[in-house]
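The structure file query.cif is reproduced below (mmCIF, C-alpha atoms and all ligand atoms).
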```cif
data_start
loop_
_atom_site.label_atom_id
_atom_site.label_comp_id
_atom_site.auth_asym_id
_atom_site.auth_seq_id
_atom_site.Cartn_x
_atom_site.Cartn_y
_atom_site.Cartn_z
CA MET A 1 24.50 -53.75 22.02
CA THR A 2 26.46 -50.49 22.11
CA GLY A 3 25.06 -46.94 22.48
CA VAL A 4 21.50 -45.73 22.64
CA ASN A 5 20.06 -43.63 19.83
CA ARG A 6 17.64 -41.41 21.74
CA GLY A 7 15.02 -40.16 19.32
CA LEU A 8 16.19 -42.55 16.58
CA ASP A 9 17.81 -39.70 14.60
CA GLY A 10 19.10 -40.87 11.27
CA VAL A 11 17.82 -44.44 11.63
CA ALA A 12 15.88 -45.81 8.64
CA VAL A 13 13.51 -48.66 9.50
CA ALA A 14 11.44 -48.83 6.33
CA GLU A 15 11.58 -48.28 2.61
CA THR A 16 8.83 -46.09 1.22
CA ARG A 17 7.72 -44.75 -2.14
CA LEU A 18 5.35 -42.25 -0.50
CA SER A 19 7.48 -39.24 0.45
CA THR A 20 11.01 -38.08 1.11
CA MET A 21 12.72 -34.88 2.15
CA ASP A 22 16.10 -33.24 2.00
CA GLY A 23 16.56 -31.38 5.25
CA GLU A 24 19.58 -29.40 4.05
CA ALA A 25 18.10 -28.30 0.73
CA GLY A 26 14.58 -27.84 2.10
CA GLU A 27 12.94 -30.14 -0.42
CA LEU A 28 9.96 -32.41 0.00
CA ILE A 29 8.71 -34.93 -2.54
CA ILE A 30 5.28 -36.47 -2.09
CA GLY A 31 4.22 -39.34 -4.34
CA GLY A 32 6.94 -38.33 -6.80
CA PHE A 33 5.88 -34.66 -6.99
CA PRO A 34 7.57 -31.65 -5.42
CA VAL A 35 5.26 -30.59 -2.58
CA GLU A 36 4.69 -27.21 -4.27
CA GLU A 37 3.25 -28.87 -7.37
CA LEU A 38 1.09 -31.46 -5.64
CA ALA A 39 -0.27 -29.11 -2.99
CA ASP A 40 -1.39 -26.46 -5.45
CA ASN A 41 -2.90 -28.70 -8.11
CA ALA A 42 -4.35 -31.89 -6.64
CA THR A 43 -7.71 -32.46 -5.05
CA PHE A 44 -7.26 -34.44 -1.85
CA GLU A 45 -8.94 -37.43 -3.52
CA GLU A 46 -6.26 -37.36 -6.26
CA THR A 47 -3.54 -37.37 -3.60
CA LEU A 48 -5.19 -40.28 -1.81
CA TYR A 49 -5.54 -42.21 -5.06
CA LEU A 50 -1.88 -41.53 -5.82
CA PHE A 51 -0.98 -42.90 -2.40
CA PHE A 52 -3.23 -45.94 -2.47
CA ARG A 53 -2.72 -46.92 -6.12
CA GLY A 54 0.71 -45.49 -6.92
CA ARG A 55 -0.34 -43.18 -9.79
CA LEU A 56 -2.77 -40.37 -10.60
CA PRO A 57 -6.28 -41.45 -11.63
CA ASP A 58 -7.93 -40.61 -14.94
CA ALA A 59 -11.28 -38.80 -14.81
CA GLU A 60 -13.35 -41.98 -14.62
CA GLU A 61 -11.16 -43.57 -11.94
CA LEU A 62 -11.25 -40.38 -9.91
CA SER A 63 -15.01 -40.17 -10.06
CA ALA A 64 -15.36 -43.82 -8.93
CA PHE A 65 -12.84 -43.28 -6.13
CA ARG A 66 -14.65 -40.14 -4.98
CA SER A 67 -17.92 -42.07 -4.79
CA ASP A 68 -16.31 -44.97 -2.92
CA LEU A 69 -14.90 -42.56 -0.38
CA ALA A 70 -18.13 -40.58 -0.05
CA GLU A 71 -20.05 -43.81 0.61
CA CYS A 72 -17.94 -44.52 3.70
CA ARG A 73 -18.42 -41.14 5.40
CA ALA A 74 -21.35 -41.90 7.69
CA ILE A 75 -20.79 -42.76 11.36
CA GLY A 76 -23.25 -44.61 13.58
CA ASP A 77 -25.34 -43.37 16.50
CA GLU A 78 -23.04 -45.12 18.97
CA VAL A 79 -20.13 -43.00 17.69
CA LEU A 80 -22.24 -39.85 17.86
CA ALA A 81 -23.04 -40.67 21.50
CA VAL A 82 -19.33 -40.89 22.31
CA LEU A 83 -18.65 -37.60 20.52
CA ARG A 84 -21.54 -35.84 22.25
CA ARG A 85 -20.09 -36.92 25.59
CA ALA A 86 -16.59 -35.79 24.60
CA ALA A 87 -17.98 -32.39 23.59
CA GLU A 88 -20.05 -32.02 26.76
CA GLU A 89 -16.94 -32.71 28.81
CA GLU A 90 -14.95 -30.27 26.65
CA LYS A 91 -12.35 -32.88 25.79
CA PRO A 92 -9.81 -31.65 23.22
CA ALA A 93 -10.68 -32.47 19.62
CA MET A 94 -7.80 -34.94 19.35
CA ASP A 95 -9.22 -36.92 22.25
CA ALA A 96 -12.61 -36.88 20.57
CA LEU A 97 -11.05 -38.07 17.31
CA ARG A 98 -9.30 -40.92 19.12
CA MET A 99 -12.48 -41.86 20.98
CA GLY A 100 -14.61 -41.61 17.83
CA ALA A 101 -12.19 -43.62 15.68
CA ALA A 102 -12.01 -46.32 18.34
CA ALA A 103 -15.80 -46.45 18.79
CA ALA A 104 -16.60 -46.50 15.07
CA ASN A 105 -16.97 -49.90 13.48
CA LEU A 106 -14.59 -49.05 10.68
CA GLY A 107 -13.20 -52.50 9.93
CA THR A 108 -14.92 -54.31 7.04
CA GLU A 109 -16.27 -57.82 7.62
CA ASP A 110 -13.52 -59.56 5.68
CA GLY A 111 -10.87 -57.23 7.15
CA ASP A 112 -9.49 -56.19 3.76
CA PRO A 113 -6.78 -53.66 4.75
CA GLU A 114 -7.27 -51.39 1.74
CA ALA A 115 -11.05 -51.24 2.19
CA ASP A 116 -10.59 -50.60 5.90
CA ALA A 117 -8.02 -47.88 5.19
CA LEU A 118 -10.46 -46.11 2.89
CA ARG A 119 -13.19 -46.26 5.51
CA VAL A 120 -10.88 -44.76 8.12
CA VAL A 121 -9.85 -41.88 5.85
CA ALA A 122 -13.48 -41.22 4.89
CA ALA A 123 -14.76 -41.23 8.48
CA PHE A 124 -12.20 -38.87 10.05
CA PRO A 125 -13.79 -35.58 8.88
CA THR A 126 -17.25 -36.80 9.92
CA ILE A 127 -16.01 -37.63 13.42
CA VAL A 128 -14.28 -34.28 13.87
CA ALA A 129 -17.17 -32.25 12.45
CA ALA A 130 -19.81 -34.08 14.54
CA TYR A 131 -17.77 -33.45 17.70
CA TRP A 132 -17.49 -29.79 16.75
CA ARG A 133 -21.22 -29.42 16.16
CA TYR A 134 -21.88 -30.75 19.65
CA ARG A 135 -19.24 -28.41 21.03
CA VAL A 136 -21.08 -25.40 19.62
CA GLY A 137 -24.45 -26.71 20.82
CA GLU A 138 -25.72 -27.85 17.42
CA GLU A 139 -26.69 -31.20 15.92
CA PRO A 140 -24.23 -32.89 13.53
CA ILE A 141 -24.74 -32.37 9.81
CA GLU A 142 -24.94 -35.43 7.58
CA PRO A 143 -22.20 -35.70 4.96
CA ASP A 144 -23.15 -34.52 1.46
CA PRO A 145 -22.09 -37.13 -1.12
CA ASP A 146 -22.06 -34.49 -3.87
CA LEU A 147 -19.22 -32.62 -2.18
CA GLY A 148 -15.54 -33.56 -2.31
CA HIS A 149 -13.65 -34.62 0.80
CA ALA A 150 -12.39 -31.14 1.74
CA ALA A 151 -15.58 -29.27 0.83
CA ASN A 152 -17.71 -31.76 2.72
CA TYR A 153 -15.60 -31.34 5.88
CA LEU A 154 -16.14 -27.58 5.82
CA TYR A 155 -19.83 -28.10 5.06
CA MET A 156 -20.26 -30.48 8.01
CA LEU A 157 -18.65 -27.90 10.32
CA THR A 158 -21.00 -25.05 9.44
CA GLY A 159 -23.95 -26.40 7.45
CA GLU A 160 -23.07 -23.99 4.66
CA ARG A 161 -21.54 -24.91 1.34
CA PRO A 162 -18.02 -23.46 1.39
CA ASP A 163 -16.76 -21.15 -1.34
CA GLU A 164 -14.17 -22.29 -3.86
CA ARG A 165 -11.37 -20.29 -2.24
CA ALA A 166 -11.85 -21.98 1.14
CA VAL A 167 -12.01 -25.43 -0.46
CA ARG A 168 -8.84 -24.80 -2.47
CA GLY A 169 -7.08 -23.45 0.63
CA LEU A 170 -8.00 -26.52 2.63
CA GLU A 171 -7.01 -28.91 -0.19
CA THR A 172 -3.63 -27.21 -0.46
CA TYR A 173 -3.17 -27.78 3.26
CA LEU A 174 -4.33 -31.42 3.20
CA ASN A 175 -2.03 -32.23 0.27
CA ALA A 176 0.97 -30.45 1.76
CA VAL A 177 0.83 -32.33 5.06
CA VAL A 178 -0.53 -35.71 3.98
CA ASP A 179 2.82 -37.38 4.47
CA HIS A 180 6.31 -36.60 5.69
CA GLY A 181 8.58 -39.62 5.78
CA LEU A 182 8.70 -41.58 8.99
CA ASN A 183 7.43 -38.85 11.29
CA ALA A 184 6.42 -39.96 14.78
CA SER A 185 2.75 -40.69 14.08
CA THR A 186 3.47 -42.50 10.81
CA PHE A 187 6.10 -44.56 12.58
CA THR A 188 3.46 -45.44 15.18
CA ALA A 189 1.06 -46.59 12.46
CA ARG A 190 3.73 -48.80 10.89
CA VAL A 191 4.70 -50.29 14.26
CA VAL A 192 1.07 -51.22 14.95
CA VAL A 193 0.49 -53.02 11.64
CA SER A 194 3.93 -54.64 11.84
CA THR A 195 2.48 -56.79 14.63
CA GLU A 196 -0.21 -57.90 12.13
CA SER A 197 -2.75 -55.89 14.06
CA ASP A 198 -5.14 -53.87 11.84
CA VAL A 199 -5.19 -50.50 10.11
CA VAL A 200 -8.00 -49.10 12.28
CA SER A 201 -5.88 -49.74 15.39
CA ALA A 202 -2.93 -48.15 13.58
CA ALA A 203 -4.94 -44.98 12.92
CA THR A 204 -6.17 -44.76 16.50
CA ALA A 205 -2.66 -45.12 17.91
CA ALA A 206 -1.31 -42.58 15.42
CA VAL A 207 -3.89 -40.00 16.53
CA GLY A 208 -2.47 -40.27 20.04
CA THR A 209 1.04 -39.64 18.71
CA LEU A 210 0.03 -36.69 16.57
CA LYS A 211 -1.64 -34.97 19.51
CA GLY A 212 1.59 -33.88 21.24
CA PRO A 213 2.87 -30.30 20.90
CA LEU A 214 6.19 -31.52 19.54
CA HIS A 215 4.30 -32.99 16.58
CA GLY A 216 0.78 -31.91 15.57
CA GLY A 217 -0.27 -29.89 18.57
CA ALA A 218 1.63 -26.70 17.73
CA PRO A 219 -0.61 -24.64 15.38
CA GLY A 220 -3.22 -23.75 18.03
CA PRO A 221 -0.56 -22.24 20.31
CA VAL A 222 0.98 -20.55 17.23
CA LEU A 223 -2.30 -18.74 16.56
CA ASP A 224 -2.58 -17.68 20.21
CA MET A 225 0.95 -16.35 20.00
CA LEU A 226 0.23 -14.45 16.77
CA LYS A 227 -2.92 -12.91 18.21
CA GLU A 228 -1.01 -11.81 21.31
CA ILE A 229 1.72 -10.22 19.21
CA HIS A 230 -0.81 -8.57 16.92
CA GLU A 231 -2.26 -6.91 19.98
CA SER A 232 1.01 -5.96 21.66
CA GLY A 233 2.77 -4.95 18.44
CA ASP A 234 6.08 -6.03 19.95
CA PRO A 235 7.29 -9.35 18.50
CA GLU A 236 10.83 -8.87 19.75
CA ALA A 237 9.82 -8.54 23.40
CA TYR A 238 7.66 -11.64 23.09
CA VAL A 239 10.40 -13.78 21.55
CA ARG A 240 13.10 -12.59 23.95
CA GLU A 241 10.89 -13.33 26.92
CA LYS A 242 10.22 -16.88 25.70
CA LEU A 243 13.81 -17.66 24.81
CA GLU A 244 15.18 -16.16 28.00
CA ALA A 245 12.80 -18.38 29.96
CA ASP A 246 14.19 -21.30 27.90
CA GLU A 247 10.83 -21.97 26.36
CA ARG A 248 10.34 -23.23 22.83
CA LEU A 249 8.86 -21.03 20.19
CA MET A 250 6.00 -22.89 18.58
CA GLY A 251 6.20 -23.16 14.79
CA PHE A 252 10.01 -23.15 14.64
CA GLY A 253 12.62 -25.90 14.56
CA HIS A 254 12.43 -29.32 12.97
CA ARG A 255 14.14 -32.67 13.41
CA ILE A 256 14.90 -32.96 9.68
CA TYR A 257 14.99 -29.43 8.22
CA ARG A 258 18.00 -27.20 8.77
CA VAL A 259 16.44 -24.58 6.48
CA ARG A 260 12.90 -23.23 6.17
CA ASP A 261 10.41 -26.08 5.88
CA PRO A 262 9.31 -26.15 2.20
CA ARG A 263 5.70 -26.53 3.31
CA ALA A 264 5.94 -23.14 5.02
CA ALA A 265 6.26 -21.41 1.62
CA VAL A 266 3.35 -23.40 0.16
CA LEU A 267 1.10 -22.62 3.10
CA GLU A 268 2.21 -19.00 3.31
CA ALA A 269 1.23 -18.40 -0.33
CA ALA A 270 -2.09 -20.14 0.21
CA ALA A 271 -2.75 -18.25 3.44
CA GLU A 272 -2.01 -14.80 2.03
CA GLN A 273 -5.11 -14.92 -0.17
CA PHE A 274 -7.32 -14.96 2.90
CA TYR A 275 -6.10 -11.66 4.31
CA ASP A 276 -7.17 -8.42 2.59
CA ASP A 277 -4.75 -5.57 2.09
CA ASP A 278 -6.45 -3.62 4.85
CA ASP A 279 -6.08 -6.53 7.28
CA ASP A 280 -2.66 -6.16 8.89
CA PHE A 281 -2.80 -9.55 10.66
CA PHE A 282 -0.90 -11.19 7.82
CA GLU A 283 1.78 -8.51 8.06
CA THR A 284 2.07 -9.25 11.78
CA ILE A 285 2.63 -12.91 10.89
CA THR A 286 5.39 -12.34 8.32
CA ASP A 287 7.10 -9.68 10.46
CA PHE A 288 7.01 -11.99 13.44
CA GLU A 289 8.58 -14.80 11.42
CA ASP A 290 11.55 -12.57 10.49
CA VAL A 291 12.06 -11.43 14.08
CA ALA A 292 11.74 -14.97 15.45
CA VAL A 293 14.23 -16.51 13.01
CA ASP A 294 16.79 -13.76 13.74
CA LEU A 295 16.42 -14.11 17.50
CA LEU A 296 16.54 -17.91 17.39
CA ALA A 297 19.87 -17.56 15.57
CA GLU A 298 21.04 -15.15 18.28
CA TYR A 299 19.96 -17.31 21.23
CA LYS A 300 20.74 -20.72 19.71
CA PRO A 301 23.69 -20.04 17.40
CA ASP A 302 24.62 -23.72 17.16
CA ARG A 303 21.19 -24.76 15.90
CA ASP A 304 19.56 -24.01 12.59
CA LEU A 305 16.12 -23.15 13.84
CA GLU A 306 13.84 -22.10 11.01
CA THR A 307 10.12 -21.87 10.37
CA ASN A 308 8.32 -25.21 10.37
CA VAL A 309 5.03 -26.29 8.80
CA GLU A 310 2.95 -25.43 11.83
CA PHE A 311 3.60 -21.69 11.64
CA TYR A 312 1.71 -21.06 8.41
CA THR A 313 -0.72 -23.88 9.14
CA ALA A 314 -2.14 -21.60 11.79
CA ALA A 315 -2.40 -18.69 9.32
CA LEU A 316 -3.97 -20.81 6.57
CA LEU A 317 -6.48 -22.77 8.63
CA HIS A 318 -7.52 -19.58 10.41
CA GLY A 319 -8.04 -17.95 7.00
CA VAL A 320 -10.05 -20.92 5.70
CA GLY A 321 -12.29 -20.65 8.77
CA VAL A 322 -11.37 -23.86 10.58
CA PRO A 323 -11.88 -23.29 14.33
CA GLN A 324 -8.60 -23.11 16.23
CA GLU A 325 -9.55 -26.00 18.53
CA LEU A 326 -9.72 -28.21 15.43
CA PHE A 327 -6.26 -27.45 14.01
CA PRO A 328 -4.59 -30.66 15.27
CA ALA A 329 -7.60 -32.79 14.32
CA THR A 330 -7.59 -31.24 10.84
CA PHE A 331 -3.94 -32.21 10.60
CA GLY A 332 -5.13 -35.73 11.47
CA ILE A 333 -7.71 -35.59 8.66
CA ALA A 334 -4.82 -35.00 6.25
CA ARG A 335 -2.16 -37.23 7.77
CA VAL A 336 -4.46 -40.24 8.09
CA GLY A 337 -4.03 -40.58 4.30
CA GLY A 338 -0.29 -41.01 4.88
CA TRP A 339 -0.77 -43.30 7.88
CA MET A 340 -3.01 -45.62 5.92
CA ALA A 341 -0.79 -45.69 2.84
CA HIS A 342 2.24 -46.43 5.03
CA ALA A 343 0.31 -49.17 6.85
CA LEU A 344 -0.56 -50.82 3.52
CA GLU A 345 3.04 -50.45 2.38
CA GLN A 346 4.29 -52.04 5.61
CA LEU A 347 1.96 -55.00 5.08
CA GLU A 348 3.32 -55.57 1.55
CA ASP A 349 6.65 -56.69 2.97
CA ASN A 350 6.17 -56.86 6.69
CA ARG A 351 8.75 -57.46 9.37
CA LEU A 352 7.90 -56.88 13.03
CA ILE A 353 9.35 -53.53 14.13
CA ARG A 354 10.97 -54.28 17.42
CA PRO A 355 13.92 -52.12 18.56
CA GLU A 356 15.86 -52.67 21.75
CA SER A 357 16.50 -50.78 24.95
CA ARG A 358 19.56 -50.61 27.17
CA TYR A 359 18.79 -51.72 30.70
CA THR A 360 19.85 -49.28 33.44
CA GLY A 361 17.90 -50.83 36.30
CA GLU A 362 19.16 -52.96 39.16
CA ARG A 363 20.02 -56.63 39.10
CA GLY A 364 20.19 -59.39 41.68
CA ARG A 365 17.60 -58.00 44.12
CA SER A 366 16.23 -60.48 46.62
CA TRP A 367 12.55 -60.50 47.50
CA THR A 368 11.43 -58.91 50.78
CA PRO A 369 8.04 -60.09 52.08
CA ILE A 370 5.54 -57.20 52.32
CA GLY A 371 5.48 -57.09 56.13
CA GLU A 372 9.25 -56.56 56.27
CA ARG A 373 9.56 -53.62 53.81
N1 LIG B 401 12.35 -22.72 20.14
C1 LIG B 401 13.45 -22.61 20.92
N2 LIG B 401 14.42 -23.52 20.97
C2 LIG B 401 14.28 -24.60 20.20
C3 LIG B 401 13.17 -24.80 19.37
C4 LIG B 401 12.19 -23.79 19.35
N3 LIG B 401 11.10 -23.90 18.59
N4 LIG B 401 13.30 -25.97 18.70
C5 LIG B 401 14.45 -26.50 19.13
N5 LIG B 401 15.04 -25.69 20.02
C6 LIG B 401 16.30 -25.89 20.70
C7 LIG B 401 16.15 -26.85 21.87
O1 LIG B 401 15.86 -26.20 23.05
C8 LIG B 401 17.52 -27.46 21.88
O2 LIG B 401 18.42 -26.56 22.46
P1 LIG B 401 19.54 -27.04 23.47
O3 LIG B 401 20.35 -28.06 22.73
O4 LIG B 401 20.24 -25.78 23.83
O5 LIG B 401 18.77 -27.66 24.62
C9 LIG B 401 17.90 -27.54 20.41
O6 LIG B 401 17.17 -26.52 19.78
C10 LIG B 401 17.57 -28.88 19.74
O7 LIG B 401 16.33 -29.31 20.15
P2 LIG B 401 15.89 -30.78 19.98
O8 LIG B 401 14.73 -31.00 20.88
O9 LIG B 401 17.02 -31.73 20.03
O10 LIG B 401 15.42 -30.80 18.49
P3 LIG B 401 14.41 -31.81 17.90
O11 LIG B 401 14.92 -32.15 16.57
O12 LIG B 401 14.10 -32.93 18.79
O13 LIG B 401 13.12 -30.88 17.86
C11 LIG B 401 11.03 -30.02 17.43
C12 LIG B 401 12.27 -30.71 16.84
C13 LIG B 401 10.37 -30.94 18.45
C14 LIG B 401 10.04 -29.75 16.31
C15 LIG B 401 11.46 -28.70 18.11
O14 LIG B 401 12.09 -27.86 17.18
C16 LIG B 401 10.31 -27.98 18.80
O15 LIG B 401 9.99 -28.30 19.93
N6 LIG B 401 9.69 -26.97 18.13
C17 LIG B 401 8.59 -26.25 18.71
C18 LIG B 401 7.29 -27.04 18.60
C19 LIG B 401 6.79 -27.15 17.18
O16 LIG B 401 6.85 -26.21 16.41
N7 LIG B 401 6.27 -28.35 16.85
C20 LIG B 401 5.81 -28.68 15.50
C21 LIG B 401 6.85 -29.47 14.78
S1 LIG B 401 6.51 -29.69 13.10
C22 LIG B 401 5.66 -31.12 12.98
O17 LIG B 401 5.80 -32.06 13.65
C23 LIG B 401 4.68 -31.31 11.95
#
```
Final structure tokens representation of the file:
Amino acid sequence: MTGVNRGLDGVAVAETRLSTMDGEAGELIIGGFPVEELADNATFEETLYLFFRGRLPDAEELSAFRSDLAECRAIGDEVLAVLRRAAEEEKPAMDALRMGAAAANLGTEDGDPEADALRVVAAFPTIVAAYWRYRVGEEPIEPDPDLGHAANYLYMLTGERPDERAVRGLETYLNAVVDHGLNASTFTARVVVSTESDVVSAATAAVGTLKGPLHGGAPGPVLDMLKEIHESGDPEAYVREKLEADERLMGFGHRIYRVRDPRAAVLEAAAEQFYDDDDDFFETITDFEDVAVDLLAEYKPDRDLETNVEFYTAALLHGVGVPQELFPATFGIARVGGWMAHALEQLEDNRLIRPESRYTGERGRSWTPIGER
């Protein structure tokens, strides 16, 4: 073995028909559609169907799929007990999602991967919403089978039927981030099923990967940053301070994109509708983006650091009314569709994913009995 590829840049370990991106051109294709087209038009159920079955459903197929998904939303009392405990201990939502997904009996009796995958996708919003209800001192709200996936999530958070604008905003978000090539959490999911483990385990492991700030944990800090700048009115001072302290600016930079992440434009357009003309928060956001990109170019001239998906995720989810603490878990509610579709794809033509490491430890040590160390 020769060198080590830290971070596996540029290494392809799977073929996929689910999504692909061009990091130089700033293009993202999901299920054959440009992200802009899918995000703005599809319901999340249509995107899931596209992922699980390889094509868009007709009206009858969509209605049956919606019912199948809605039937799998409920979670048992034992899961609620775990979530209540997580909320009482103020565990982050991603920990609660991991704990809830692990505690839920999501695997079907015959272990059919596609049926299990559907159950996982259906249960995620219920787990997150139940945790949230406990966090705010309320009882969980039972899922409403008459509502679509996105609308029902918002309903379970508040107990109120969401308006069309909020539902459309959330669906745009879920569609835009459902999949993104072999990102770290999707890779995790594929590694897990490549051992012939199961899709529920894959989802649980992937939640742990998504949690980190270099992946799905950025939008909460982005919103904090935006609020701080909105108050201070001085984006430049903020950015200079961060970059001079060699800190990373959340919501900027990407392993693949050298230009602005195409999802940023989709989410920006969706977010804008939630901020009235007399609300200057949105102006703060767009002004800050310009200042940040210019200063990143000044401080890191050798890098192409542009806006990533998480920047406008914060603006959109805040506009839709999703609590900030739930931003990463809401990302999980979207991305689990991609994880599950990738897991099923991996199983179609599986080969154990097993890279290598280069040993840098010692050799030839001789054992010293404990009393002589
Ligand atoms: N702010 C300041 N500097 C940055 C940033 C940033 N946001 N992103 C990268 N850099 C710098 C690094 O410090 C490094 O500089 P150096 O070579 O002088 O040390 C250089 O750019 C390259 O950084 P890498 O870590 O090699 O780039 P990588 O491709 O691994 O990073 C990542 C991608 C993790 C997204 C990074 O840009 C980052 O940390 N961004 C901030 C966090 C964030 O927004 N996360 C959400 C990512 S989007 C998603 O996963 C859905």
Q.
If the limit is 9 Å from any atom of ligand LIG 401 (chain B), counting only C-alpha atoms and all ligand atoms, which residues qualify? Return them as a ChimeraX atom specification.
A. /A:7,9,177,180,183-184,210,212-219,222,242-243,246-257,261,296,299-300,302-311,331
Could you save those same residues with C-alpha atoms as a PDB file, keeping the file's coordinate frame?
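The result, written out as again.pdb:
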```
ATOM      1  CA  GLY A   7      15.020 -40.160  19.320  1.00  0.00           C
ATOM      2  CA  ASP A   9      17.810 -39.700  14.600  1.00  0.00           C
ATOM      3  CA  VAL A 177       0.830 -32.330   5.060  1.00  0.00           C
ATOM      4  CA  HIS A 180       6.310 -36.600   5.690  1.00  0.00           C
ATOM      5  CA  ASN A 183       7.430 -38.850  11.290  1.00  0.00           C
ATOM      6  CA  ALA A 184       6.420 -39.960  14.780  1.00  0.00           C
ATOM      7  CA  LEU A 210       0.030 -36.690  16.570  1.00  0.00           C
ATOM      8  CA  GLY A 212       1.590 -33.880  21.240  1.00  0.00           C
ATOM      9  CA  PRO A 213       2.870 -30.300  20.900  1.00  0.00           C
ATOM     10  CA  LEU A 214       6.190 -31.520  19.540  1.00  0.00           C
ATOM     11  CA  HIS A 215       4.300 -32.990  16.580  1.00  0.00           C
ATOM     12  CA  GLY A 216       0.780 -31.910  15.570  1.00  0.00           C
ATOM     13  CA  GLY A 217      -0.270 -29.890  18.570  1.00  0.00           C
ATOM     14  CA  ALA A 218       1.630 -26.700  17.730  1.00  0.00           C
ATOM     15  CA  PRO A 219      -0.610 -24.640  15.380  1.00  0.00           C
ATOM     16  CA  VAL A 222       0.980 -20.550  17.230  1.00  0.00           C
ATOM     17  CA  LYS A 242      10.220 -16.880  25.700  1.00  0.00           C
ATOM     18  CA  LEU A 243      13.810 -17.660  24.810  1.00  0.00           C
ATOM     19  CA  ASP A 246      14.190 -21.300  27.900  1.00  0.00           C
ATOM     20  CA  GLU A 247      10.830 -21.970  26.360  1.00  0.00           C
ATOM     21  CA  ARG A 248      10.340 -23.230  22.830  1.00  0.00           C
ATOM     22  CA  LEU A 249       8.860 -21.030  20.190  1.00  0.00           C
ATOM     23  CA  MET A 250       6.000 -22.890  18.580  1.00  0.00           C
ATOM     24  CA  GLY A 251       6.200 -23.160  14.790  1.00  0.00           C
ATOM     25  CA  PHE A 252      10.010 -23.150  14.640  1.00  0.00           C
ATOM     26  CA  GLY A 253      12.620 -25.900  14.560  1.00  0.00           C
ATOM     27  CA  HIS A 254      12.430 -29.320  12.970  1.00  0.00           C
ATOM     28  CA  ARG A 255      14.140 -32.670  13.410  1.00  0.00           C
ATOM     29  CA  ILE A 256      14.900 -32.960   9.680  1.00  0.00           C
ATOM     30  CA  TYR A 257      14.990 -29.430   8.220  1.00  0.00           C
ATOM     31  CA  ASP A 261      10.410 -26.080   5.880  1.00  0.00           C
ATOM     32  CA  LEU A 296      16.540 -17.910  17.390  1.00  0.00           C
ATOM     33  CA  TYR A 299      19.960 -17.310  21.230  1.00  0.00           C
ATOM     34  CA  LYS A 300      20.740 -20.720  19.710  1.00  0.00           C
ATOM     35  CA  ASP A 302      24.620 -23.720  17.160  1.00  0.00           C
ATOM     36  CA  ARG A 303      21.190 -24.760  15.900  1.00  0.00           C
ATOM     37  CA  ASP A 304      19.560 -24.010  12.590  1.00  0.00           C
ATOM     38  CA  LEU A 305      16.120 -23.150  13.840  1.00  0.00           C
ATOM     39  CA  GLU A 306      13.840 -22.100  11.010  1.00  0.00           C
ATOM     40  CA  THR A 307      10.120 -21.870  10.370  1.00  0.00           C
ATOM     41  CA  ASN A 308       8.320 -25.210  10.370  1.00  0.00           C
ATOM     42  CA  VAL A 309       5.030 -26.290   8.800  1.00  0.00           C
ATOM     43  CA  GLU A 310       2.950 -25.430  11.830  1.00  0.00           C
ATOM     44  CA  PHE A 311       3.600 -21.690  11.640  1.00  0.00           C
ATOM     45  CA  PHE A 331      -3.940 -32.210  10.600  1.00  0.00           C
TER      46      PHE A 331
END
```
Q: Determine, counting all atoms listed in the file, which protein, DNA and RNA residues have an atom within 7 Å of an atom of Arg98 (chain A); residues of the same chain fewer than 3 positions away are not included. Present the result as a PyMOL selection string.
A: chain A and resi 94-95+101-102+204+207-208
Using only C-alpha atoms, please write the residues we just selected to a file, as a PDB file, in the frame of the given file.
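Result file is selection-v1.pdb:
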```pdb
ATOM      1  CA  MET A  94      -7.800 -34.940  19.350  1.00  0.00           C
ATOM      2  CA  ASP A  95      -9.220 -36.920  22.250  1.00  0.00           C
ATOM      3  CA  ALA A 101     -12.190 -43.620  15.680  1.00  0.00           C
ATOM      4  CA  ALA A 102     -12.010 -46.320  18.340  1.00  0.00           C
ATOM      5  CA  THR A 204      -6.170 -44.760  16.500  1.00  0.00           C
ATOM      6  CA  VAL A 207      -3.890 -40.000  16.530  1.00  0.00           C
ATOM      7  CA  GLY A 208      -2.470 -40.270  20.040  1.00  0.00           C
TER       8      GLY A 208
END
```
**Q.** Point-to-point distance in Å for CA of Val200 (chain A) and CA of Tyr134 (chain A)
**A.** 24.2 Å
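The coordinates place CA of Asn41 (chain A) at 18.1 Å from CA of Glu60 (chain A).
From CA of Gly111 (chain A) back to CA of Arg55 (chain A), the distance works out to 24.4 Å.
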Any chance you could tabulate, as a Markdown table, the residues of region 306-351 of chain A at most 8 Å from region 18-32 of chain A with each one's nearest atom pair and distance in Å to one decimal, using all atoms listed in the file, in chain and rising number order?
```
| residue | atom | partner | partner_atom | distance |
| --- | --- | --- | --- | --- |
| A:Gly338 | CA | A:Leu18 | CA | 7.9 |
| A:Ala341 | CA | A:Leu18 | CA | 7.8 |
| A:His342 | CA | A:Leu18 | CA | 7.6 |
```
